[in-house]
$ cat target_4.txt   # compact mmCIF, C-alpha atoms
# COMPACT_ATOMS: atom_id res chain seq x y z
CA ALA A 19 -19.45 43.81 -26.99
CA THR A 20 -16.95 46.58 -27.48
CA GLU A 21 -13.31 46.12 -26.52
CA ALA A 22 -13.89 48.33 -23.46
CA THR A 23 -16.84 46.31 -22.15
CA ALA A 24 -15.10 43.01 -22.94
CA ALA A 25 -12.07 44.10 -20.98
CA ALA A 26 -14.30 45.05 -18.06
CA GLU A 27 -15.94 41.62 -17.86
CA PRO A 28 -14.65 39.59 -14.95
CA LYS A 29 -12.39 36.67 -15.73
CA VAL A 30 -14.01 33.64 -14.11
CA LEU A 31 -12.70 30.07 -14.22
CA THR A 32 -15.41 27.47 -13.61
CA TYR A 33 -14.67 23.78 -13.19
CA GLN A 34 -15.96 20.78 -11.25
CA TYR A 35 -14.88 18.26 -8.69
CA HIS A 36 -16.64 15.03 -7.74
CA VAL A 37 -16.69 15.86 -4.02
CA GLU A 38 -16.16 18.99 -1.98
CA PRO A 39 -13.07 19.71 0.13
CA ILE A 40 -13.05 17.69 3.33
CA SER A 41 -11.24 20.24 5.50
CA LEU A 42 -9.73 23.66 4.85
CA ASP A 43 -8.06 23.58 8.26
CA THR A 44 -4.39 23.67 7.31
CA SER A 45 -3.38 21.52 10.27
CA LYS A 46 -5.97 18.81 9.63
CA THR A 47 -6.39 18.66 5.87
CA ASN A 48 -5.59 15.32 4.25
CA ASP A 49 -7.10 15.29 0.76
CA ASN A 50 -6.22 16.68 -2.65
CA MET A 51 -9.52 18.53 -3.03
CA SER A 52 -8.82 20.62 0.06
CA ALA A 53 -5.17 21.13 -0.85
CA GLU A 54 -6.16 22.53 -4.22
CA ILE A 55 -8.51 25.12 -2.72
CA LEU A 56 -6.02 26.02 0.02
CA TYR A 57 -3.37 26.64 -2.66
CA HIS A 58 -5.58 29.43 -4.03
CA LEU A 59 -6.52 30.87 -0.64
CA SER A 60 -3.25 30.74 1.24
CA GLU A 61 0.41 31.63 1.01
CA SER A 62 3.24 29.83 2.77
CA LEU A 63 6.88 30.82 3.14
CA LEU A 64 7.46 29.52 -0.37
CA ARG A 65 5.18 28.64 -3.27
CA PHE A 66 5.45 25.90 -5.90
CA TYR A 67 4.47 27.17 -9.34
CA ASP A 68 5.09 25.85 -12.85
CA GLY A 69 7.52 23.21 -11.62
CA ALA A 70 9.66 25.52 -9.51
CA VAL A 71 9.90 26.88 -5.97
CA ILE A 72 9.31 30.63 -5.94
CA PRO A 73 9.05 33.22 -3.15
CA GLY A 74 5.92 33.24 -1.06
CA ILE A 75 5.64 35.23 2.14
CA ALA A 76 9.40 34.76 2.47
CA GLU A 77 11.17 37.08 0.04
CA THR A 78 14.46 35.27 0.60
CA TYR A 79 15.98 32.59 2.79
CA ASP A 80 19.48 31.58 3.89
CA VAL A 81 20.86 28.12 4.58
CA SER A 82 23.70 27.51 7.03
CA ASP A 83 26.91 25.87 5.83
CA ASP A 84 26.00 22.57 7.49
CA GLY A 85 22.61 22.54 5.74
CA LEU A 86 20.70 22.38 9.02
CA THR A 87 19.43 25.92 9.64
CA TYR A 88 17.06 27.76 7.30
CA THR A 89 16.43 31.45 7.99
CA PHE A 90 13.41 32.91 6.20
CA HIS A 91 13.07 36.66 5.67
CA LEU A 92 9.41 37.64 5.36
CA GLY A 93 8.21 40.38 3.08
CA ASP A 94 5.32 42.78 3.65
CA ALA A 95 2.14 40.72 3.49
CA VAL A 96 -1.26 41.04 5.16
CA TRP A 97 -4.33 38.93 5.81
CA GLN A 98 -7.60 39.79 4.13
CA ASP A 99 -8.51 41.89 7.22
CA ASP A 100 -5.29 43.95 6.86
CA GLU A 101 -3.49 42.35 9.84
CA PRO A 102 0.19 41.69 9.01
CA VAL A 103 1.50 38.17 8.39
CA THR A 104 4.23 37.46 10.95
CA ALA A 105 6.82 34.82 11.75
CA GLU A 106 4.94 33.94 14.95
CA GLN A 107 1.90 32.92 12.88
CA PHE A 108 4.03 30.37 11.06
CA ARG A 109 5.40 29.08 14.37
CA TYR A 110 1.90 28.75 15.78
CA SER A 111 0.71 26.89 12.67
CA PHE A 112 3.67 24.48 12.62
CA LEU A 113 3.40 23.67 16.32
CA ARG A 114 -0.36 23.19 15.98
CA LEU A 115 0.32 20.67 13.22
CA LEU A 116 2.74 18.81 15.48
CA ASP A 117 0.69 19.02 18.68
CA PRO A 118 -0.74 15.53 19.34
CA ALA A 119 -3.93 17.20 20.62
CA THR A 120 -4.60 18.45 17.07
CA ALA A 121 -4.72 14.88 15.75
CA ALA A 122 -3.29 15.98 12.41
CA THR A 123 -3.13 13.30 9.73
CA PHE A 124 0.38 14.07 8.53
CA PRO A 125 2.45 15.73 11.27
CA ASN A 126 5.41 13.75 9.89
CA ALA A 127 5.68 16.32 7.10
CA LEU A 128 7.55 18.46 9.67
CA PHE A 129 9.58 15.64 11.21
CA PRO A 130 12.80 16.80 9.47
CA VAL A 131 12.70 19.73 11.95
CA LEU A 132 14.73 19.19 15.12
CA ASN A 133 12.69 17.54 17.92
CA ALA A 134 9.47 17.83 15.90
CA GLU A 135 8.76 14.09 16.05
CA ALA A 136 9.61 13.93 19.76
CA PHE A 137 7.19 16.80 20.47
CA ASN A 138 4.48 15.06 18.46
CA LYS A 139 5.00 11.94 20.61
CA GLY A 140 4.92 13.91 23.86
CA GLU A 141 8.62 13.43 24.55
CA LYS A 142 9.72 17.08 24.13
CA GLU A 143 8.28 20.51 24.89
CA ALA A 144 7.24 22.97 22.19
CA SER A 145 10.13 25.23 23.17
CA GLU A 146 12.58 22.45 22.23
CA VAL A 147 11.35 22.17 18.64
CA GLY A 148 13.67 23.75 16.06
CA ILE A 149 11.26 26.60 15.22
CA LYS A 150 12.44 30.03 16.35
CA VAL A 151 10.93 33.48 15.83
CA VAL A 152 13.83 35.91 15.55
CA ASP A 153 11.53 38.88 15.00
CA ASP A 154 8.23 39.63 13.22
CA LYS A 155 9.87 39.25 9.81
CA THR A 156 12.39 36.46 10.50
CA LEU A 157 11.72 32.76 11.08
CA GLU A 158 14.43 30.20 11.76
CA LEU A 159 13.92 26.47 11.20
CA THR A 160 16.58 24.00 12.35
CA LEU A 161 16.64 20.45 11.00
CA TRP A 162 18.15 17.36 12.62
CA ARG A 163 19.56 16.20 9.27
CA PRO A 164 20.44 17.98 6.02
CA ALA A 165 17.55 17.87 3.55
CA ALA A 166 18.16 19.67 0.27
CA SER A 167 14.52 19.13 -0.67
CA PHE A 168 13.23 20.95 2.43
CA PRO A 169 12.29 24.18 0.57
CA THR A 170 10.30 22.09 -1.92
CA VAL A 171 8.58 20.28 0.96
CA LEU A 172 7.53 23.64 2.43
CA ALA A 173 6.32 24.87 -0.94
CA THR A 174 4.28 21.82 -1.96
CA ASN A 175 2.38 20.80 1.18
CA ALA A 176 -0.90 22.26 2.41
CA TYR A 177 0.16 21.92 6.06
CA PHE A 178 2.58 24.84 6.09
CA TYR A 179 0.38 27.89 5.68
CA PRO A 180 0.39 30.39 8.55
CA LEU A 181 -2.51 30.62 10.98
CA ARG A 182 -3.85 33.50 13.04
CA GLN A 183 -4.18 32.15 16.57
CA ASP A 184 -6.81 34.72 17.53
CA PHE A 185 -8.98 33.81 14.53
CA VAL A 186 -8.58 30.04 14.97
CA GLU A 187 -9.45 30.21 18.67
CA GLN A 188 -12.37 32.55 18.00
CA HIS A 189 -14.04 29.92 15.79
CA GLY A 190 -12.92 26.86 17.72
CA ASP A 191 -14.15 23.57 16.24
CA SER A 192 -15.93 25.43 13.44
CA TYR A 193 -12.70 27.02 12.16
CA ALA A 194 -12.48 26.73 8.35
CA ALA A 195 -15.86 24.98 8.15
CA ASP A 196 -17.49 27.84 6.21
CA ALA A 197 -16.53 30.95 4.28
CA ASP A 198 -16.93 33.28 7.26
CA ALA A 199 -14.78 30.99 9.41
CA PHE A 200 -11.77 31.12 7.08
CA LEU A 201 -9.15 33.84 6.80
CA SER A 202 -7.10 34.20 3.64
CA ASN A 203 -3.59 35.53 3.14
CA GLY A 204 -3.26 34.20 -0.41
CA PRO A 205 -4.24 35.14 -3.97
CA PHE A 206 -7.98 34.55 -3.42
CA ILE A 207 -10.61 34.94 -0.71
CA LEU A 208 -13.24 32.30 0.05
CA GLN A 209 -16.33 34.35 -0.76
CA GLU A 210 -18.96 31.61 -0.62
CA TRP A 211 -19.15 27.91 0.23
CA GLN A 212 -22.43 26.16 -0.46
CA HIS A 213 -21.71 22.73 0.93
CA GLU A 214 -22.06 19.84 -1.50
CA ALA A 215 -22.81 22.35 -4.26
CA SER A 216 -20.10 24.95 -4.95
CA LEU A 217 -17.25 27.16 -3.75
CA ARG A 218 -16.63 30.67 -5.04
CA LEU A 219 -13.25 32.31 -4.66
CA VAL A 220 -12.66 35.98 -5.52
CA LYS A 221 -9.38 37.75 -6.13
CA ASN A 222 -7.76 39.11 -2.98
CA PRO A 223 -6.82 42.76 -3.65
CA LYS A 224 -4.62 42.78 -0.54
CA TYR A 225 -2.47 39.83 -1.64
CA TRP A 226 1.16 40.97 -1.81
CA ASP A 227 1.51 39.83 -5.44
CA ALA A 228 -2.04 40.67 -6.60
CA ASP A 229 -0.79 42.22 -9.85
CA SER A 230 0.32 38.75 -10.98
CA ILE A 231 -3.14 37.23 -10.52
CA ASN A 232 -5.10 37.35 -13.78
CA LEU A 233 -8.35 35.72 -12.70
CA ASP A 234 -11.09 37.60 -10.90
CA GLU A 235 -12.95 34.54 -9.66
CA ILE A 236 -12.62 30.77 -9.40
CA VAL A 237 -15.81 28.72 -9.14
CA GLN A 238 -15.64 25.06 -8.23
CA LEU A 239 -18.88 23.13 -8.74
CA ILE A 240 -19.43 19.84 -6.94
CA VAL A 241 -20.78 17.47 -9.60
CA PRO A 242 -20.30 13.73 -9.00
CA ASP A 243 -22.01 12.27 -12.08
CA ALA A 244 -19.77 11.76 -15.13
CA ASN A 245 -22.59 12.16 -17.68
CA THR A 246 -23.69 15.42 -16.10
CA ILE A 247 -20.13 16.71 -16.13
CA VAL A 248 -19.71 16.05 -19.85
CA ALA A 249 -23.10 17.61 -20.65
CA MET A 250 -22.19 20.75 -18.68
CA PHE A 251 -18.85 21.00 -20.48
CA ASP A 252 -20.55 20.65 -23.87
CA ARG A 253 -22.99 23.42 -22.92
CA GLY A 254 -20.12 25.72 -21.96
CA GLU A 255 -20.97 25.67 -18.25
CA LEU A 256 -17.52 24.32 -17.36
CA ASP A 257 -14.22 25.70 -18.60
CA TYR A 258 -12.36 22.48 -18.02
CA VAL A 259 -12.77 19.02 -16.49
CA PRO A 260 -9.90 17.96 -14.23
CA ASN A 261 -10.69 14.23 -14.20
CA LEU A 262 -12.51 12.89 -17.25
CA ASN A 263 -13.53 9.23 -17.20
CA ALA A 264 -11.74 7.10 -19.77
CA ASP A 265 -15.11 6.23 -21.34
CA PHE A 266 -15.48 9.83 -22.53
CA LEU A 267 -11.94 10.55 -23.71
CA SER A 268 -12.65 9.30 -27.24
CA GLN A 269 -15.28 12.04 -27.60
CA TYR A 270 -12.58 14.69 -27.23
CA PRO A 271 -9.63 13.77 -29.46
CA ASP A 272 -8.13 17.23 -29.00
CA ALA A 273 -8.24 17.06 -25.18
CA LYS A 274 -5.00 18.09 -23.53
CA LEU A 275 -3.94 16.15 -20.45
CA ALA A 276 -1.78 17.98 -17.95
CA PRO A 277 1.03 15.92 -16.40
CA GLY A 278 0.42 14.92 -12.81
CA SER A 279 2.60 15.79 -9.83
CA GLY A 280 3.48 12.22 -8.99
CA GLY A 281 0.39 11.27 -7.04
CA LEU A 282 0.10 7.57 -6.28
CA GLN A 283 -2.80 5.19 -5.70
CA PHE A 284 -2.28 1.80 -4.11
CA LEU A 285 -4.19 -0.92 -2.28
CA GLN A 286 -3.81 -1.17 1.46
CA PHE A 287 -4.36 -4.53 3.15
CA ASN A 288 -5.35 -4.45 6.79
CA VAL A 289 -3.29 -7.35 8.13
CA SER A 290 -5.19 -7.10 11.43
CA GLY A 291 -8.46 -7.46 9.54
CA MET A 292 -11.91 -6.16 10.37
CA THR A 293 -12.43 -9.59 11.93
CA PRO A 294 -9.92 -12.08 13.35
CA GLU A 295 -10.78 -14.41 10.47
CA SER A 296 -10.05 -11.88 7.71
CA GLY A 297 -6.94 -10.72 9.58
CA LYS A 298 -5.57 -14.27 9.61
CA VAL A 299 -5.88 -14.48 5.82
CA LEU A 300 -4.69 -10.95 4.98
CA SER A 301 -1.63 -11.31 7.20
CA ASN A 302 -0.50 -14.17 4.95
CA LEU A 303 2.10 -12.86 2.50
CA ASN A 304 1.34 -15.41 -0.20
CA PHE A 305 -2.36 -14.46 -0.14
CA ARG A 306 -1.54 -10.78 -0.61
CA LYS A 307 0.82 -11.68 -3.45
CA ALA A 308 -1.95 -13.73 -5.07
CA LEU A 309 -4.26 -10.70 -5.05
CA SER A 310 -1.53 -8.49 -6.50
CA TYR A 311 -0.47 -10.85 -9.31
CA ALA A 312 -4.12 -11.42 -10.26
CA LEU A 313 -4.53 -7.76 -11.31
CA ASP A 314 -3.98 -6.71 -14.92
CA ARG A 315 -2.99 -3.16 -14.06
CA GLU A 316 -2.50 -2.17 -17.69
CA SER A 317 -6.05 -3.06 -18.68
CA ILE A 318 -7.60 -1.63 -15.54
CA ASN A 319 -5.68 1.63 -15.92
CA ALA A 320 -6.59 1.95 -19.60
CA ALA A 321 -10.26 1.31 -18.90
CA ILE A 322 -10.63 3.68 -15.95
CA ALA A 323 -7.84 6.27 -15.90
CA GLY A 324 -7.09 6.31 -19.62
CA SER A 325 -3.97 8.23 -20.59
CA SER A 326 -4.07 10.27 -17.38
CA GLY A 327 -2.61 7.41 -15.34
CA THR A 328 0.51 5.26 -15.60
CA ILE A 329 1.58 1.97 -14.03
CA THR A 330 4.38 2.01 -11.49
CA GLY A 331 6.18 -0.57 -9.43
CA ARG A 332 7.57 1.82 -6.85
CA PHE A 333 6.28 4.14 -4.18
CA VAL A 334 8.92 6.84 -4.78
CA GLN A 335 8.14 8.46 -8.10
CA ALA A 336 10.32 9.80 -10.90
CA ILE A 337 9.92 13.44 -9.84
CA VAL A 338 11.58 12.79 -6.46
CA PRO A 339 15.22 13.95 -6.28
CA GLY A 340 18.05 11.96 -4.71
CA VAL A 341 21.32 13.33 -3.41
CA GLU A 342 22.90 14.00 -6.81
CA LYS A 343 20.58 12.32 -9.31
CA SER A 344 16.99 11.14 -9.09
CA PHE A 345 16.13 8.85 -6.20
CA LEU A 346 15.19 6.11 -8.70
CA LYS A 347 18.60 6.22 -10.37
CA GLU A 348 20.43 6.19 -7.05
CA HIS A 349 18.32 3.29 -5.76
CA PRO A 350 17.51 1.10 -8.77
CA ILE A 351 15.30 -1.99 -8.54
CA ASP A 352 15.57 -5.01 -10.82
CA SER A 353 12.40 -5.08 -12.93
CA ALA A 354 12.27 -8.86 -12.44
CA GLU A 355 11.41 -8.20 -8.79
CA LEU A 356 8.31 -6.21 -9.71
CA VAL A 357 4.78 -7.45 -10.36
CA PRO A 358 4.22 -7.52 -14.16
CA PRO A 359 1.97 -4.60 -15.23
CA ALA A 360 -0.35 -7.07 -16.97
CA GLY A 361 -0.34 -9.41 -13.98
CA ASP A 362 0.45 -13.12 -14.03
CA PRO A 363 -2.59 -15.40 -13.52
CA GLU A 364 -0.51 -18.57 -13.22
CA GLN A 365 1.78 -17.05 -10.61
CA ALA A 366 -1.26 -15.63 -8.80
CA GLN A 367 -2.81 -19.09 -8.61
CA ALA A 368 0.45 -20.54 -7.33
CA TYR A 369 0.60 -17.96 -4.56
CA LEU A 370 -3.02 -18.66 -3.64
CA GLU A 371 -2.39 -22.41 -3.42
CA ALA A 372 0.63 -21.78 -1.19
CA ALA A 373 -1.45 -19.47 1.02
CA LEU A 374 -4.28 -21.99 1.33
CA GLU A 375 -1.83 -24.69 2.37
CA GLU A 376 -0.26 -22.44 5.00
CA LEU A 377 -3.68 -21.36 6.28
CA GLY A 378 -5.10 -24.88 6.25
CA MET A 379 -8.25 -23.94 4.37
CA THR A 380 -9.91 -24.10 0.97
CA VAL A 381 -11.22 -21.31 -1.27
CA ASP A 382 -14.75 -22.10 -0.09
CA GLU A 383 -13.66 -21.54 3.52
CA MET A 384 -12.37 -18.04 2.86
CA PRO A 385 -13.85 -15.51 5.34
CA SER A 386 -15.84 -12.50 4.17
CA MET A 387 -13.70 -9.42 3.46
CA THR A 388 -14.75 -5.79 3.12
CA TYR A 389 -13.37 -3.57 0.39
CA VAL A 390 -14.03 0.04 1.44
CA ALA A 391 -14.24 2.51 -1.45
CA MET A 392 -14.74 6.25 -1.61
CA GLU A 393 -18.01 7.53 -3.00
CA SER A 394 -16.75 8.60 -6.39
CA PRO A 395 -17.38 7.13 -9.85
CA VAL A 396 -13.70 6.35 -10.40
CA HIS A 397 -13.15 4.64 -7.05
CA LYS A 398 -16.32 2.58 -7.56
CA LEU A 399 -15.01 1.41 -10.95
CA TYR A 400 -11.64 0.49 -9.44
CA ALA A 401 -13.33 -1.49 -6.67
CA GLU A 402 -15.48 -3.42 -9.14
CA ALA A 403 -12.50 -4.11 -11.42
CA PHE A 404 -10.31 -5.44 -8.59
CA VAL A 405 -12.99 -7.62 -7.04
CA ASP A 406 -13.94 -8.99 -10.47
CA ALA A 407 -10.29 -9.87 -11.21
CA TRP A 408 -9.95 -11.74 -7.93
CA ASN A 409 -13.10 -13.65 -8.76
CA GLN A 410 -12.20 -14.44 -12.37
CA VAL A 411 -8.51 -15.27 -11.84
CA LEU A 412 -8.58 -16.82 -8.37
CA GLY A 413 -12.17 -17.94 -7.95
CA LEU A 414 -12.61 -15.77 -4.85
CA ASP A 415 -16.13 -14.50 -4.20
CA ASN A 416 -15.73 -13.48 -0.57
CA PHE A 417 -15.26 -9.71 -1.14
CA THR A 418 -17.98 -7.19 -0.33
CA ILE A 419 -17.67 -3.62 -1.63
CA THR A 420 -18.75 -0.91 0.81
CA ILE A 421 -19.09 2.59 -0.67
CA LEU A 422 -18.70 5.44 1.83
CA PRO A 423 -18.74 9.25 1.45
CA VAL A 424 -15.17 10.49 1.07
CA PRO A 425 -14.76 11.85 4.65
CA GLN A 426 -16.09 8.62 6.17
CA ALA A 427 -14.00 6.51 3.80
CA LEU A 428 -10.82 8.36 4.76
CA GLN A 429 -11.74 8.02 8.43
CA ALA A 430 -12.26 4.28 7.93
CA GLY A 431 -8.84 4.14 6.27
CA MET A 432 -7.15 5.91 9.18
CA THR A 433 -8.90 3.82 11.85
CA LYS A 434 -8.42 0.50 10.01
CA GLN A 435 -12.13 -0.12 9.55
CA PHE A 436 -11.51 -1.97 6.30
CA ASP A 437 -9.94 -5.14 4.96
CA ILE A 438 -8.86 -3.59 1.66
CA PHE A 439 -8.76 0.13 0.83
CA LEU A 440 -7.56 2.12 -2.20
CA LEU A 441 -5.52 5.05 -0.90
CA GLY A 442 -4.09 8.00 -2.81
CA MET A 443 -1.02 9.93 -1.68
CA GLY A 444 1.17 12.62 -3.16
CA ALA A 445 4.77 11.75 -3.95
CA ASP A 446 6.53 14.03 -1.50
CA PRO A 447 9.73 15.65 -2.81
CA ASP A 448 11.57 14.33 0.26
CA PRO A 449 11.66 10.52 -0.04
CA PHE A 450 12.18 10.20 3.74
CA ILE A 451 8.76 11.70 4.48
CA PHE A 452 6.93 9.44 2.04
CA LEU A 453 8.84 6.23 2.88
CA ASN A 454 8.43 6.87 6.61
CA TYR A 455 4.75 6.04 6.07
CA TRP A 456 5.78 2.39 5.71
CA THR A 457 7.86 2.08 8.87
CA THR A 458 6.64 0.34 12.01
CA GLY A 459 5.53 2.71 14.74
CA ASN A 460 5.12 5.83 12.61
CA GLU A 461 1.53 6.22 13.96
CA LEU A 462 0.12 7.16 10.54
$ encode --input "target_4.txt" --output "structure tokens"
Amino acid sequence: ATEATAAAEPKVLTYQYHVEPISLDTSKTNDNMSAEILYHLSESLLRFYDGAVIPGIAETYDVSDDGLTYTFHLGDAVWQDDEPVTAEQFRYSFLRLLDPATAATFPNALFPVLNAEAFNKGEKEASEVGIKVVDDKTLELTLWRPAASFPTVLATNAYFYPLRQDFVEQHGDSYAADADAFLSNGPFILQEWQHEASLRLVKNPKYWDADSINLDEIVQLIVPDANTIVAMFDRGELDYVPNLNADFLSQYPDAKLAPGSGGLQFLQFNVSGMTPESGKVLSNLNFRKALSYALDRESINAAIAGSSGTITGRFVQAIVPGVEKSFLKEHPIDSAELVPPAGDPEQAQAYLEAALEELGMTVDEMPSMTYVAMESPVHKLYAEAFVDAWNQVLGLDNFTITILPVPQALQAGMTKQFDIFLLGMGADPDPFIFLNYWTTGNEL
């Protein structure tokens, strides 16, 4: 090809994901797959790019001296149908996220805003929430406490994109379910969505910063099988693989691994249980400690995640800021208090014996327990590794692994239809929002 024809060829990035996005509805999304696609299709007040908060729809913003009021000044931006993006569309989106009728998964992301939590619980009216439209180009958000990380929170969450009320109401329950039911105001437009097969995004010529977008298309292929993924990459059908199984890493010694954003995976124990019998056992602290100490996290991580994962003993990750230093430095934990990364079989057995004595039962009398796993190769491997460790170290053979499609697995996680569940969450830049997940009565 000549230089002229080469330059004219569209720049297309093709990659794969194991499962398709669960929901592109900004108010209801709750998974990383959807958040990634929404990042390409949408634009919030601010955008997080290359480790920094940069302008989005808001060209600038001001913060009051007491750190409570943020005033955002919107630039000239339009939706893909040429309608202007306005402050009211952000207000509508934020209130829709908070409205209990929406049943959003993470309305607490906006709880730093004045009266937002009370509105979500039905204790305040929408008009009392600290979200004010000054004019079409000016939005004012008032917090109930200073939060220096608030701009980063707005820039890094998929819940804060604007919504066109007319478009959302036009499509009703089918909003964002297909390409023609989604409206973009971001760098790309959702051109095609073949469910369980692929998504095709094309550059949005009406995006306010279109000149900075170098790609013409993004194609995401839904390919669950690890062997197929590697074969497609070797044939040049994929430009990159975002999550390569550890088994294949040795085949690509020159592979470059991008640092993560602080995402966290952890086991959830349903202390109520799927049955009264399993609830009685799982509500026993010594039993839960036995399961935890029985896991050799180092070996499991090396075998499944490879060098793309690390072991941690804390929920708040290193990227999270504190008041003056990192949150971890301001709130240190003695490493002796943490579970050893390689586990401790003897200590695990001691905890199990203590639990059995408290419960008044033997190992053989343990009730059946259900480990619910997402339908993905990696989550299946984790489930098998954990259950095998509990069997080998503790002699427990009462765990049944149930594999569910990702949407059903997440639903089971939210409705407590599990005994044990591996959940993944992003490490929010505001430690309050992430740690609030663990408080009694947070309704999450």
$ residues_around --input "target_4.txt" --residues "region 70-73 of chain A" --least-positions-apart "4" --cutoff "9 Å" --atoms "all atoms listed in the file" --output "list in words"
Ser62, Leu63, Leu64, Arg65, Phe66, Glu77, Thr78, Pro169, Thr170, Ala173 and Thr174 of chain A
$ write_last_selection --input "target_4.txt" --atoms "C-alpha atoms" --output "short mmCIF file (atom, residue, chain, number, x, y, z; two decimals), keeping the file's coordinate frame"
data_model
loop_
_atom_site.label_atom_id
_atom_site.label_comp_id
_atom_site.auth_asym_id
_atom_site.auth_seq_id
_atom_site.Cartn_x
_atom_site.Cartn_y
_atom_site.Cartn_z
CA SER A 62 3.24 29.83 2.77
CA LEU A 63 6.88 30.82 3.14
CA LEU A 64 7.46 29.52 -0.37
CA ARG A 65 5.18 28.64 -3.27
CA PHE A 66 5.45 25.90 -5.90
CA GLU A 77 11.17 37.08 0.04
CA THR A 78 14.46 35.27 0.60
CA PRO A 169 12.29 24.18 0.57
CA THR A 170 10.30 22.09 -1.92
CA ALA A 173 6.32 24.87 -0.94
CA THR A 174 4.28 21.82 -1.96
#
$ residues_around --input "target_4.txt" --residues "Met250 (chain A)" --least-positions-apart "3" --cutoff "12 Å" --atoms "all atoms listed in the file" --output "ChimeraX atom specification"
/A:32-34,239,241,243-247,253-259
$ residues_around --input "target_4.txt" --residues "Tyr179 (chain A)" --least-positions-apart "2" --cutoff "7 Å" --atoms "all atoms listed in the file" --output "PyMOL selection string"
chain A and resi 44+60-62+108+176-177+181
$ closest_residue --input "target_4.txt" --among "A:Ala308, A:Ser111, A:Ala323, A:Thr123" --to "Gln429 (chain A)" --atoms "all atoms listed in the file"
A:Thr123
$ residues_around --input "target_4.txt" --residues "region 225-230 of chain A" --least-positions-apart "4" --cutoff "10 Å" --atoms "only C-alpha atoms" --output "list in words"
Leu59, Ser60, Glu61, Gly74, Ile75, Gly93, Asp94, Ala95, Val96, Trp97, Gln98, Asp100, Ser202, Asn203, Gly204, Pro205, Phe206, Ile207 and Lys221 of chain A
$ residues_around --input "target_4.txt" --residues "Ser310 (chain A)" --least-positions-apart "4" --cutoff "8 Å" --atoms "only C-alpha atoms" --output "MDAnalysis selection string"
chainID A and resid 306 357 361 366
$ atom_distance --input "target_4.txt" --atom1 "CA of Pro449 (chain A)" --atom2 "CA of Asn50 (chain A)"
19.1 Å
$ closest_residue --input "target_4.txt" --among "A:Ser296, A:Gln269, A:Asn175, A:Thr87" --to "Trp162 (chain A)" --atoms "only C-alpha atoms"
A:Thr87
$ closest_residue --input "target_4.txt" --among "A:Lys343, A:Lys224, A:Arg114, A:Lys298" --to "Met379 (chain A)" --atoms "only C-alpha atoms"
A:Lys298
$ closest_residue --input "target_4.txt" --among "A:Ala273, A:Met387, A:Val30, A:Leu303" --to "Asp234 (chain A)" --atoms "all atoms listed in the file"
A:Val30
$ residues_near_point --input "target_4.txt" --point "(17.2, 37.6, 1.1)" --cutoff "10 Å" --atoms "all atoms listed in the file" --output "MDAnalysis selection string"
chainID A and resid 76:80 89:93
$ write_last_selection --input "target_4.txt" --atoms "C-alpha atoms" --output "PDB file, keeping the file's coordinate frame"
ATOM      1  CA  ALA A  76       9.400  34.760   2.470  1.00  0.00           C
ATOM      2  CA  GLU A  77      11.170  37.080   0.040  1.00  0.00           C
ATOM      3  CA  THR A  78      14.460  35.270   0.600  1.00  0.00           C
ATOM      4  CA  TYR A  79      15.980  32.590   2.790  1.00  0.00           C
ATOM      5  CA  ASP A  80      19.480  31.580   3.890  1.00  0.00           C
ATOM      6  CA  THR A  89      16.430  31.450   7.990  1.00  0.00           C
ATOM      7  CA  PHE A  90      13.410  32.910   6.200  1.00  0.00           C
ATOM      8  CA  HIS A  91      13.070  36.660   5.670  1.00  0.00           C
ATOM      9  CA  LEU A  92       9.410  37.640   5.360  1.00  0.00           C
ATOM     10  CA  GLY A  93       8.210  40.380   3.080  1.00  0.00           C
TER      11      GLY A  93
END
$ closest_residue --input "target_4.txt" --among "A:Arg163, A:Arg332, A:His213, A:Lys46" --to "Leu132 (chain A)" --atoms "only C-alpha atoms"
A:Arg163
$ closest_residue --input "target_4.txt" --among "A:Leu285, A:Val131, A:Val147, A:Ala121" --to "Tyr400 (chain A)" --atoms "all atoms listed in the file"
A:Leu285
$ atom_distance --input "target_4.txt" --atom1 "CA of Phe266 (chain A)" --atom2 "CA of Ile318 (chain A)"
15.6 Å
